[in-house]
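Below is protein.csv, holding CSV, C-alpha atoms and all ligand atoms.
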chain,number,residue,atom,x,y,z
A,1,MET,CA,289.1,-169.4,127.9
A,2,ALA,CA,287.5,-166.7,130.0
A,3,PRO,CA,283.8,-166.9,130.6
A,4,PRO,CA,281.7,-164.2,128.8
A,5,GLY,CA,281.8,-160.9,130.7
A,6,ALA,CA,284.9,-161.9,132.7
A,7,PRO,CA,287.7,-159.3,132.8
A,8,SER,CA,290.2,-160.1,130.0
A,9,SER,CA,293.3,-159.3,131.9
A,10,SER,CA,294.6,-162.8,132.6
A,11,PRO,CA,298.1,-163.5,131.2
A,12,ALA,CA,296.6,-165.8,128.6
A,13,ASP,CA,294.7,-162.9,127.1
A,14,ASP,CA,297.8,-160.7,126.7
A,15,PRO,CA,298.1,-160.1,123.0
A,16,ALA,CA,301.9,-160.5,123.3
A,17,ASP,CA,301.3,-164.1,124.2
A,18,ASP,CA,299.3,-164.7,121.1
A,19,PRO,CA,299.5,-161.9,118.6
A,20,ALA,CA,297.6,-163.7,115.9
A,21,GLY,CA,294.8,-164.5,118.3
A,22,THR,CA,294.4,-168.0,117.1
A,23,GLY,CA,295.6,-169.9,120.2
A,24,ALA,CA,297.6,-172.2,117.8
A,25,PRO,CA,301.4,-172.6,117.8
A,26,ARG,CA,303.2,-170.2,115.6
A,27,LEU,CA,306.7,-171.5,116.1
A,28,HIS,CA,307.2,-175.0,114.6
A,29,VAL,CA,310.5,-176.5,115.6
A,30,VAL,CA,311.5,-179.5,113.6
A,31,SER,CA,314.1,-182.0,115.1
A,32,GLY,CA,314.9,-185.6,114.6
A,33,LYS,CA,317.9,-188.0,114.4
A,34,GLY,CA,320.4,-186.8,111.7
A,35,GLY,CA,319.5,-187.9,108.2
A,36,THR,CA,315.8,-188.8,109.0
A,37,GLY,CA,314.4,-185.8,107.1
A,38,LYS,CA,314.4,-182.7,109.4
A,39,THR,CA,315.2,-180.3,106.6
A,40,THR,CA,312.8,-182.1,104.2
A,41,LEU,CA,310.0,-181.9,106.8
A,42,ALA,CA,310.7,-178.3,107.7
A,43,VAL,CA,310.5,-177.2,104.0
A,44,ALA,CA,307.4,-179.3,103.3
A,45,LEU,CA,305.7,-177.9,106.4
A,46,ALA,CA,306.5,-174.3,105.4
A,47,ILE,CA,305.1,-175.0,101.9
A,48,ALA,CA,302.0,-176.6,103.4
A,49,LEU,CA,301.4,-173.6,105.6
A,50,ALA,CA,301.9,-171.3,102.6
A,51,ASP,CA,299.3,-173.4,100.7
A,52,ALA,CA,296.9,-172.5,103.4
A,53,GLY,CA,297.5,-168.8,102.7
A,54,ARG,CA,300.0,-168.2,105.5
A,55,ARG,CA,303.1,-166.0,105.3
A,56,VAL,CA,305.8,-168.3,106.7
A,57,LEU,CA,309.4,-167.7,107.7
A,58,LEU,CA,311.6,-170.8,107.3
A,59,CYS,CA,314.8,-170.6,109.4
A,60,GLU,CA,318.0,-172.7,109.5
A,61,VAL,CA,320.5,-172.2,112.3
A,62,GLU,CA,323.2,-174.7,111.5
A,63,GLY,CA,325.0,-172.9,108.7
A,64,ARG,CA,324.6,-175.8,106.2
A,65,GLN,CA,322.6,-174.1,103.5
A,66,GLY,CA,320.3,-177.2,103.6
A,67,LEU,CA,317.2,-175.1,102.8
A,68,SER,CA,318.6,-173.5,99.6
A,69,ARG,CA,320.1,-176.8,98.4
A,70,LEU,CA,316.7,-178.5,98.8
A,71,LEU,CA,314.7,-175.6,97.3
A,72,GLY,CA,317.2,-175.1,94.4
A,73,THR,CA,317.7,-171.4,95.2
A,74,ALA,CA,320.8,-169.4,95.7
A,75,GLU,CA,322.6,-169.6,99.1
A,76,LEU,CA,320.5,-167.9,101.7
A,77,PRO,CA,322.0,-164.7,103.0
A,78,TYR,CA,321.4,-163.4,106.6
A,79,GLU,CA,318.4,-161.7,105.2
A,80,GLU,CA,314.8,-162.7,104.7
A,81,VAL,CA,314.2,-163.6,101.1
A,82,GLU,CA,311.1,-165.2,99.5
A,83,VAL,CA,311.9,-168.7,98.4
A,84,ALA,CA,308.6,-170.3,97.5
A,85,GLU,CA,304.9,-169.5,97.0
A,86,GLY,CA,302.0,-171.5,98.3
A,87,ALA,CA,299.0,-172.5,96.2
A,88,GLY,CA,296.7,-170.6,98.5
A,89,GLY,CA,298.5,-167.3,98.1
A,90,GLY,CA,300.9,-167.7,101.0
A,91,GLN,CA,304.6,-167.2,100.9
A,92,VAL,CA,307.7,-168.9,102.3
A,93,VAL,CA,310.5,-166.6,103.2
A,94,GLY,CA,313.9,-168.2,104.0
A,95,LEU,CA,316.5,-167.1,106.5
A,96,ALA,CA,319.8,-168.6,107.4
A,97,VAL,CA,320.5,-167.4,110.9
A,98,GLU,CA,324.2,-166.9,111.5
A,99,PRO,CA,325.6,-166.1,115.0
A,100,ARG,CA,327.8,-163.2,114.2
A,101,ALA,CA,325.2,-161.4,112.1
A,102,ALA,CA,322.5,-162.2,114.7
A,103,LEU,CA,324.7,-160.6,117.4
A,104,LEU,CA,325.3,-157.4,115.4
A,105,ASP,CA,321.6,-157.3,114.7
A,106,TYR,CA,320.7,-157.7,118.3
A,107,LEU,CA,323.2,-155.1,119.4
A,108,ASP,CA,321.9,-152.5,116.9
A,109,THR,CA,318.3,-153.2,117.8
A,110,PHE,CA,318.6,-153.1,121.5
A,111,HIS,CA,321.7,-151.1,122.4
A,112,GLY,CA,321.8,-148.6,119.5
A,113,GLY,CA,321.0,-145.8,121.9
A,114,VAL,CA,323.1,-147.0,124.7
A,115,LEU,CA,326.4,-147.9,123.2
A,116,GLY,CA,327.5,-145.1,120.9
A,117,GLY,CA,324.2,-144.6,119.1
A,118,ARG,CA,324.3,-143.6,115.5
A,119,GLY,CA,326.1,-140.3,116.0
A,120,ARG,CA,329.8,-139.9,116.6
A,121,GLY,CA,330.5,-143.4,117.8
A,122,GLY,CA,328.8,-145.1,114.9
A,123,ARG,CA,326.6,-148.1,115.3
A,124,ALA,CA,326.7,-150.0,118.6
A,125,SER,CA,327.9,-153.1,116.8
A,126,THR,CA,330.7,-151.3,115.1
A,127,VAL,CA,332.0,-150.0,118.5
A,128,LEU,CA,332.0,-153.5,120.0
A,129,ASP,CA,333.3,-155.1,116.8
A,130,ARG,CA,336.4,-152.9,117.0
A,131,ALA,CA,337.0,-154.1,120.5
A,132,GLY,CA,336.8,-157.7,119.4
A,133,ALA,CA,333.8,-158.4,121.6
A,134,VAL,CA,331.6,-159.6,118.8
A,135,ASP,CA,333.8,-162.5,117.9
A,136,VAL,CA,334.3,-163.5,121.4
A,137,ILE,CA,330.6,-163.6,122.1
A,138,ALA,CA,329.6,-165.1,118.8
A,139,THR,CA,332.2,-167.9,118.5
A,140,VAL,CA,333.7,-168.5,121.9
A,141,ALA,CA,330.7,-168.6,124.3
A,142,PRO,CA,328.6,-171.5,123.0
A,143,GLY,CA,325.6,-170.8,125.2
A,144,LEU,CA,325.5,-167.2,124.1
A,145,ARG,CA,325.8,-168.3,120.5
A,146,ASP,CA,322.8,-170.5,120.7
A,147,VAL,CA,320.8,-167.8,122.5
A,148,LEU,CA,321.6,-165.4,119.7
A,149,LEU,CA,320.5,-167.9,117.1
A,150,ILE,CA,317.2,-168.7,118.8
A,151,GLY,CA,316.9,-165.1,119.8
A,152,LYS,CA,316.7,-164.1,116.1
A,153,VAL,CA,313.9,-166.7,115.6
A,154,TYR,CA,312.1,-165.3,118.7
A,155,GLU,CA,312.3,-161.8,117.2
A,156,ALA,CA,310.8,-163.1,114.0
A,157,VAL,CA,307.9,-164.8,115.8
A,158,LEU,CA,307.0,-161.8,117.8
A,159,ARG,CA,307.7,-159.2,115.1
A,160,THR,CA,304.7,-157.1,114.2
A,161,THR,CA,304.0,-154.5,111.6
A,162,THR,CA,304.6,-151.9,114.2
A,163,SER,CA,307.4,-153.3,116.3
A,164,ARG,CA,310.5,-155.2,115.8
A,165,GLY,CA,310.2,-158.1,118.3
A,166,GLY,CA,310.3,-156.0,121.4
A,167,SER,CA,308.2,-157.0,124.4
A,168,SER,CA,305.1,-154.9,123.5
A,169,ALA,CA,303.4,-156.5,120.5
A,170,THR,CA,300.9,-154.2,118.8
A,171,GLY,CA,299.9,-154.4,115.2
A,172,THR,CA,299.6,-157.7,113.2
A,173,PRO,CA,302.4,-160.3,113.2
A,174,VAL,CA,304.6,-160.1,110.1
A,175,TYR,CA,304.7,-163.9,110.0
A,176,ASP,CA,301.8,-166.1,110.6
A,177,ALA,CA,304.1,-169.0,111.3
A,178,VAL,CA,307.8,-169.6,111.7
A,179,VAL,CA,309.3,-173.0,111.0
A,180,LEU,CA,312.8,-173.8,112.4
A,181,ASP,CA,315.0,-176.5,110.9
A,182,ALA,CA,316.5,-177.2,114.4
A,183,PRO,CA,319.6,-179.2,115.5
A,184,PRO,CA,319.3,-183.0,115.7
A,185,THR,CA,317.7,-184.8,118.6
A,186,GLY,CA,321.0,-185.3,120.4
A,187,ARG,CA,321.4,-181.5,120.8
A,188,VAL,CA,318.0,-180.0,120.5
A,189,THR,CA,316.9,-180.0,124.1
A,190,ARG,CA,320.0,-178.2,125.2
A,191,PHE,CA,319.7,-175.8,122.2
A,192,LEU,CA,316.1,-174.9,123.1
A,193,GLY,CA,316.8,-174.9,126.8
A,194,ILE,CA,319.8,-172.6,126.6
A,195,GLY,CA,317.6,-169.5,127.2
A,196,ALA,CA,316.3,-170.7,130.6
A,197,GLU,CA,319.9,-171.7,131.6
A,198,LEU,CA,321.4,-168.4,130.6
A,199,ALA,CA,318.7,-166.3,132.1
A,200,GLN,CA,319.7,-167.8,135.5
A,201,LEU,CA,323.5,-167.6,134.9
A,202,ALA,CA,323.5,-164.1,133.5
A,203,GLY,CA,321.8,-162.8,136.6
A,204,GLY,CA,320.5,-159.5,135.2
A,205,GLY,CA,321.1,-157.2,132.2
A,206,PRO,CA,319.7,-157.2,128.7
A,207,ILE,CA,321.1,-160.6,127.6
A,208,ALA,CA,319.5,-162.3,130.6
A,209,GLY,CA,316.3,-160.6,129.8
A,210,ARG,CA,316.4,-161.7,126.2
A,211,ALA,CA,317.2,-165.3,127.3
A,212,ALA,CA,314.3,-165.3,129.7
A,213,SER,CA,311.9,-164.0,126.9
A,214,VAL,CA,313.2,-166.7,124.6
A,215,ALA,CA,312.7,-169.4,127.2
A,216,ALA,CA,309.1,-168.2,127.9
A,217,LEU,CA,308.2,-168.4,124.2
A,218,LEU,CA,309.7,-171.8,123.8
A,219,SER,CA,307.8,-173.3,126.7
A,220,SER,CA,304.5,-171.7,125.8
A,221,PRO,CA,301.7,-173.1,123.7
A,222,GLN,CA,302.9,-170.8,120.9
A,223,THR,CA,305.6,-173.4,120.2
A,224,ALA,CA,305.4,-177.0,119.0
A,225,VAL,CA,308.5,-179.2,118.7
A,226,HIS,CA,307.9,-181.8,116.0
A,227,LEU,CA,310.1,-184.9,115.9
A,228,VAL,CA,310.8,-186.7,112.7
A,229,SER,CA,311.7,-190.4,112.7
A,230,LEU,CA,312.1,-193.3,110.3
A,231,LEU,CA,310.2,-196.5,111.0
A,232,GLU,CA,313.4,-198.2,112.1
A,233,GLU,CA,314.9,-199.2,115.5
A,234,LEU,CA,317.6,-196.5,115.9
A,235,PRO,CA,315.7,-193.4,114.9
A,236,VAL,CA,312.7,-194.6,117.0
A,237,THR,CA,314.9,-195.1,120.0
A,238,GLU,CA,316.4,-191.6,119.6
A,239,THR,CA,312.9,-190.1,119.1
A,240,ALA,CA,311.7,-191.7,122.4
A,241,GLU,CA,314.8,-190.4,124.2
A,242,ALA,CA,314.3,-186.9,122.8
A,243,ALA,CA,310.6,-186.8,123.6
A,244,ALA,CA,311.5,-187.7,127.3
A,245,GLU,CA,314.2,-185.0,127.4
A,246,LEU,CA,312.0,-182.3,125.9
A,247,ARG,CA,309.2,-183.2,128.3
A,248,ALA,CA,311.5,-183.0,131.3
A,249,ALA,CA,312.7,-179.6,130.1
A,250,GLY,CA,309.1,-178.4,129.8
A,251,LEU,CA,309.3,-177.9,126.1
A,252,PRO,CA,306.0,-178.5,124.2
A,253,LEU,CA,306.0,-181.6,122.0
A,254,GLY,CA,304.0,-181.3,118.7
A,255,THR,CA,303.6,-184.2,116.3
A,256,VAL,CA,305.8,-187.2,115.7
A,257,VAL,CA,306.4,-187.7,112.0
A,258,ALA,CA,307.1,-191.2,110.6
A,259,ASN,CA,309.0,-190.3,107.5
A,260,ARG,CA,309.8,-192.5,104.5
A,261,GLU,CA,307.0,-195.0,105.1
A,262,LEU,CA,307.1,-197.7,102.5
A,263,ALA,CA,303.8,-198.3,100.7
A,264,GLY,CA,302.3,-201.7,101.1
A,265,SER,CA,299.9,-203.6,103.2
A,266,SER,CA,300.7,-203.6,106.9
A,267,ALA,CA,300.5,-207.3,107.0
A,268,PRO,CA,301.8,-208.3,103.6
A,269,GLN,CA,300.9,-211.8,102.4
A,270,GLN,CA,304.1,-213.8,102.2
A,271,VAL,CA,304.4,-214.9,98.6
A,272,PRO,CA,306.9,-217.8,98.2
A,273,ASP,CA,310.2,-216.7,96.6
A,274,ASP,CA,309.8,-219.4,93.8
A,275,ASP,CA,306.4,-217.9,92.8
A,276,VAL,CA,307.9,-214.4,92.8
A,277,ALA,CA,310.8,-215.6,90.6
A,278,ARG,CA,308.5,-217.4,88.2
A,279,ALA,CA,306.3,-214.3,87.8
A,280,LEU,CA,309.3,-212.0,87.3
A,281,GLY,CA,310.9,-214.5,84.8
A,282,THR,CA,307.7,-214.4,82.8
A,283,ALA,CA,307.5,-210.6,82.9
A,284,LEU,CA,311.1,-210.2,81.9
A,285,GLY,CA,311.1,-213.0,79.3
A,286,THR,CA,313.9,-215.1,80.8
A,287,ASP,CA,314.0,-218.8,80.2
A,288,PRO,CA,311.9,-220.7,82.7
A,289,GLY,CA,313.9,-222.7,85.1
A,290,GLU,CA,317.1,-220.9,84.3
A,291,GLU,CA,319.1,-219.0,87.0
A,292,ASP,CA,319.0,-215.3,86.3
A,293,ASP,CA,321.0,-212.7,88.2
A,294,LEU,CA,318.4,-209.9,87.8
A,295,VAL,CA,315.5,-212.1,88.8
A,296,ALA,CA,317.5,-213.3,91.8
A,297,ALA,CA,318.4,-209.8,92.9
A,298,LEU,CA,314.8,-208.7,92.5
A,299,VAL,CA,313.6,-211.6,94.6
A,300,ALA,CA,316.0,-210.7,97.3
A,301,GLN,CA,314.9,-207.1,97.3
A,302,ASN,CA,311.3,-208.1,97.4
A,303,ARG,CA,312.0,-210.3,100.5
A,304,THR,CA,313.8,-207.4,102.3
A,305,ARG,CA,311.0,-205.0,101.5
A,306,THR,CA,308.3,-207.3,102.6
A,307,ALA,CA,310.1,-207.7,105.9
A,308,GLN,CA,310.5,-203.9,106.2
A,309,VAL,CA,306.9,-203.2,105.5
A,310,GLY,CA,306.0,-205.8,108.2
A,311,GLU,CA,308.4,-204.2,110.7
A,312,GLN,CA,307.0,-200.7,110.1
A,313,GLU,CA,303.9,-201.5,112.0
A,314,ARG,CA,305.9,-202.3,115.1
A,315,TRP,CA,307.9,-199.1,115.0
A,316,ARG,CA,304.8,-197.0,114.3
A,317,ALA,CA,303.2,-198.5,117.4
A,318,GLU,CA,306.3,-197.5,119.5
A,319,LEU,CA,306.1,-194.0,118.1
A,320,ALA,CA,302.3,-193.9,119.0
A,321,ALA,CA,303.2,-195.0,122.5
A,322,LEU,CA,304.9,-191.6,123.0
A,323,GLY,CA,301.5,-190.1,123.5
A,324,ARG,CA,301.6,-187.6,120.7
A,325,PRO,CA,299.8,-187.6,117.3
A,326,VAL,CA,301.8,-189.6,114.6
A,327,ARG,CA,301.7,-188.6,110.9
A,328,SER,CA,303.3,-190.6,108.1
A,329,LEU,CA,305.0,-189.3,105.1
A,330,PRO,CA,305.6,-191.7,102.2
A,331,ASP,CA,309.1,-192.7,101.0
A,332,LEU,CA,309.6,-191.1,97.6
A,333,PRO,CA,311.5,-193.7,95.6
A,334,GLY,CA,313.4,-191.2,93.5
A,335,GLY,CA,314.5,-189.1,96.5
A,336,VAL,CA,313.2,-185.6,97.3
A,337,ASP,CA,313.3,-183.0,94.5
A,338,LEU,CA,311.3,-179.8,94.3
A,339,ASP,CA,308.3,-181.8,93.0
A,340,GLY,CA,308.7,-184.3,95.8
A,341,LEU,CA,308.6,-181.5,98.4
A,342,TYR,CA,305.3,-180.3,97.0
A,343,ARG,CA,304.0,-183.8,97.2
A,344,LEU,CA,305.0,-184.1,100.8
A,345,ALA,CA,303.5,-180.7,101.5
A,346,ASP,CA,300.2,-182.0,100.0
A,347,HIS,CA,300.3,-184.8,102.5
A,348,LEU,CA,300.7,-182.3,105.3
A,349,VAL,CA,297.8,-180.3,104.1
A,350,ALA,CA,295.6,-183.4,104.0
A,351,SER,CA,296.9,-184.5,107.4
A,352,PRO,CA,298.3,-181.5,109.2
A,353,LEU,CA,300.8,-181.5,112.0
A,354,LEU,CA,299.5,-180.3,115.4
A,355,GLY,CA,298.7,-176.6,115.3
A,356,SER,CA,299.4,-176.1,111.6
A,357,THR,CA,295.7,-176.1,110.4
A,358,ARG,CA,294.6,-172.7,111.6
A,401,LIG,N1,310.1,-189.0,102.3
A,401,LIG,C1,311.3,-189.2,101.7
A,401,LIG,N2,311.4,-190.0,100.6
A,401,LIG,C2,312.6,-190.2,100.1
A,401,LIG,N3,313.8,-189.6,100.5
A,401,LIG,C3,313.7,-188.8,101.6
A,401,LIG,C4,312.4,-188.5,102.2
A,401,LIG,N4,312.7,-187.7,103.3
A,401,LIG,C5,314.0,-187.4,103.2
A,401,LIG,N5,314.6,-188.1,102.2
A,401,LIG,C6,316.1,-188.1,101.9
A,401,LIG,O1,316.8,-188.4,103.1
A,401,LIG,C7,318.0,-187.6,103.1
A,401,LIG,C8,318.1,-186.9,104.4
A,401,LIG,O2,317.0,-185.9,104.5
A,401,LIG,P1,317.2,-184.5,105.1
A,401,LIG,O3,315.9,-183.8,105.1
A,401,LIG,O4,318.4,-183.8,104.6
A,401,LIG,O5,317.6,-185.0,106.6
A,401,LIG,P2,318.2,-184.2,107.9
A,401,LIG,O6,317.9,-182.8,107.7
A,401,LIG,O7,317.4,-184.8,109.0
A,401,LIG,O8,319.6,-184.6,107.9
A,401,LIG,C9,318.0,-186.7,101.9
A,401,LIG,O9,318.7,-187.3,100.9
A,401,LIG,C10,316.5,-186.7,101.5
A,401,LIG,O10,316.3,-186.4,100.2
A,402,MG,MG,319.2,-181.1,107.6
Written as structure tokens, that's how I'd like the structure from this file.
Amino acid sequence: MAPPGAPSSSPADDPADDPAGTGAPRLHVVSGKGGTGKTTLAVALAIALADAGRRVLLCEVEGRQGLSRLLGTAELPYEEVEVAEGAGGGQVVGLAVEPRAALLDYLDTFHGGVLGGRGRGGRASTVLDRAGAVDVIATVAPGLRDVLLIGKVYEAVLRTTTSRGGSSATGTPVYDAVVLDAPPTGRVTRFLGIGAELAQLAGGGPIAGRAASVAALLSSPQTAVHLVSLLEELPVTETAEAAAELRAAGLPLGTVVANRELAGSSAPQQVPDDDVARALGTALGTDPGEEDDLVAALVAQNRTRTAQVGEQERWRAELAALGRPVRSLPDLPGGVDLDGLYRLADHLVASPLLGSTR
């Protein structure tokens, strides 16, 4: 923060660094071990932001159509379509970023005038497409592929009402926030770090420039990488590894989310199995003293769950030791349907992730 009266020309005051002028992250990257709830968290976070009145872009880059499946909408095209509305008047716009389309888009936006233009030669992408270059770049070169995917996200973050994601950002941002359902922990650091890597490799030229801009955004306070975990050994271990990798790569960690927390006291009183069986037998009307399969199964489940609830505390402490804020989301017993997503979003409104309040 500059003192009053100081010239406001420091890099931090450049509106391109913070077009919304809030100082809060605008790009929320969600990663985690596979199956822990990345897609669920990304969608719930987007809804929570829309509930606060924000216009939010929700992106997926893995071509799985996980967002549309969860939201119960038609498959997302490579196009920004409104997928949900927030209670506070905000909107969630969905986008499935696909490498080939992202490349064509990039070529037309940045090289339209250089390669063929729109006159005789047709669109820049058409010219290159005929030469087979598009497929080589989009499918063969994996680093380039990732830069194109994340480049599209970058463009959406910086896009304003008067520009299309170029370097000079004037006007107001089209999206108040962008949420990215990112690759899992095992691949996310490389995915997010590819810009910096490619910027060096490519030496010069427009792709190197693009890669460098992407890298600058991702390592800036405009980005927060949230990690979702379960309160179990394996996901917690992977979360700790990912946090260390992301830190080493200079990528800004956001909040750690402990998903699927089981309700119950953190130090549950151990009720003897016999007492549980007797109470269940009475409730279910089975003969006292008689062996009953259902009662036995319920007693076993109760024992497992009691142990799990007790263990959760330990794993939550390990997550807290990573030095980032930790938020819990409840386990929804029936799984996550549309209703469940809104319930999880309510939790995120009540207890926001880092940088998602303003
Ligand atoms: N809080 C929750 N309560 C109950 N089920 C959940 C919760 N979060 C995620 N799930 C379920 O876990 C599975 C994996 O979630 P998903 O978001 O697809 O994970 P990922 O994107 O990390 O692979 C899905 O079946 C989802 O419905
Ligand atoms: Mg997913």
Skip stretch 320-322 of chain A itself and residues of its chain fewer than 5 positions away, then list as a PyMOL selection string all residues within 10 Å of it, counting only C-alpha atoms. chain A and resi 239-240+243-244+256+314-315+327
Could you list the protein, DNA and RNA residues that have any atom within 7 Å of ligand LIG 401 (chain A), counting all atoms listed in the file, and write them as JSON, numbers by chain? {"A": [32, 33, 34, 35, 36, 37, 38, 39, 40, 41, 66, 259, 260, 329, 330, 331, 332, 333, 334, 335, 336]}
Could you work out how far atom CA of A:Leu341 lies from atom CA of A:Val174, giving the answer in Å with one decimal?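 So the two atoms, atom CA of A:Val174 and atom CA of A:Leu341, lie 24.7 Å apart.
What separates atom CA of A:Glu197 from atom CA of A:Tyr154 is a distance of 16.4 Å.
Compared by their closest atoms to ligand MG 402 (chain A), and using only C-alpha atoms and all ligand atoms, the residues A:Val43, A:Leu27, A:Ala350, A:Ala216 rank with A:Val43 nearest.
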Quick one, how far is atom CA of A:Tyr175 from atom CA of A:Leu246?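 Atom CA of A:Leu246 lies at a distance of 25.4 Å from atom CA of A:Tyr175.
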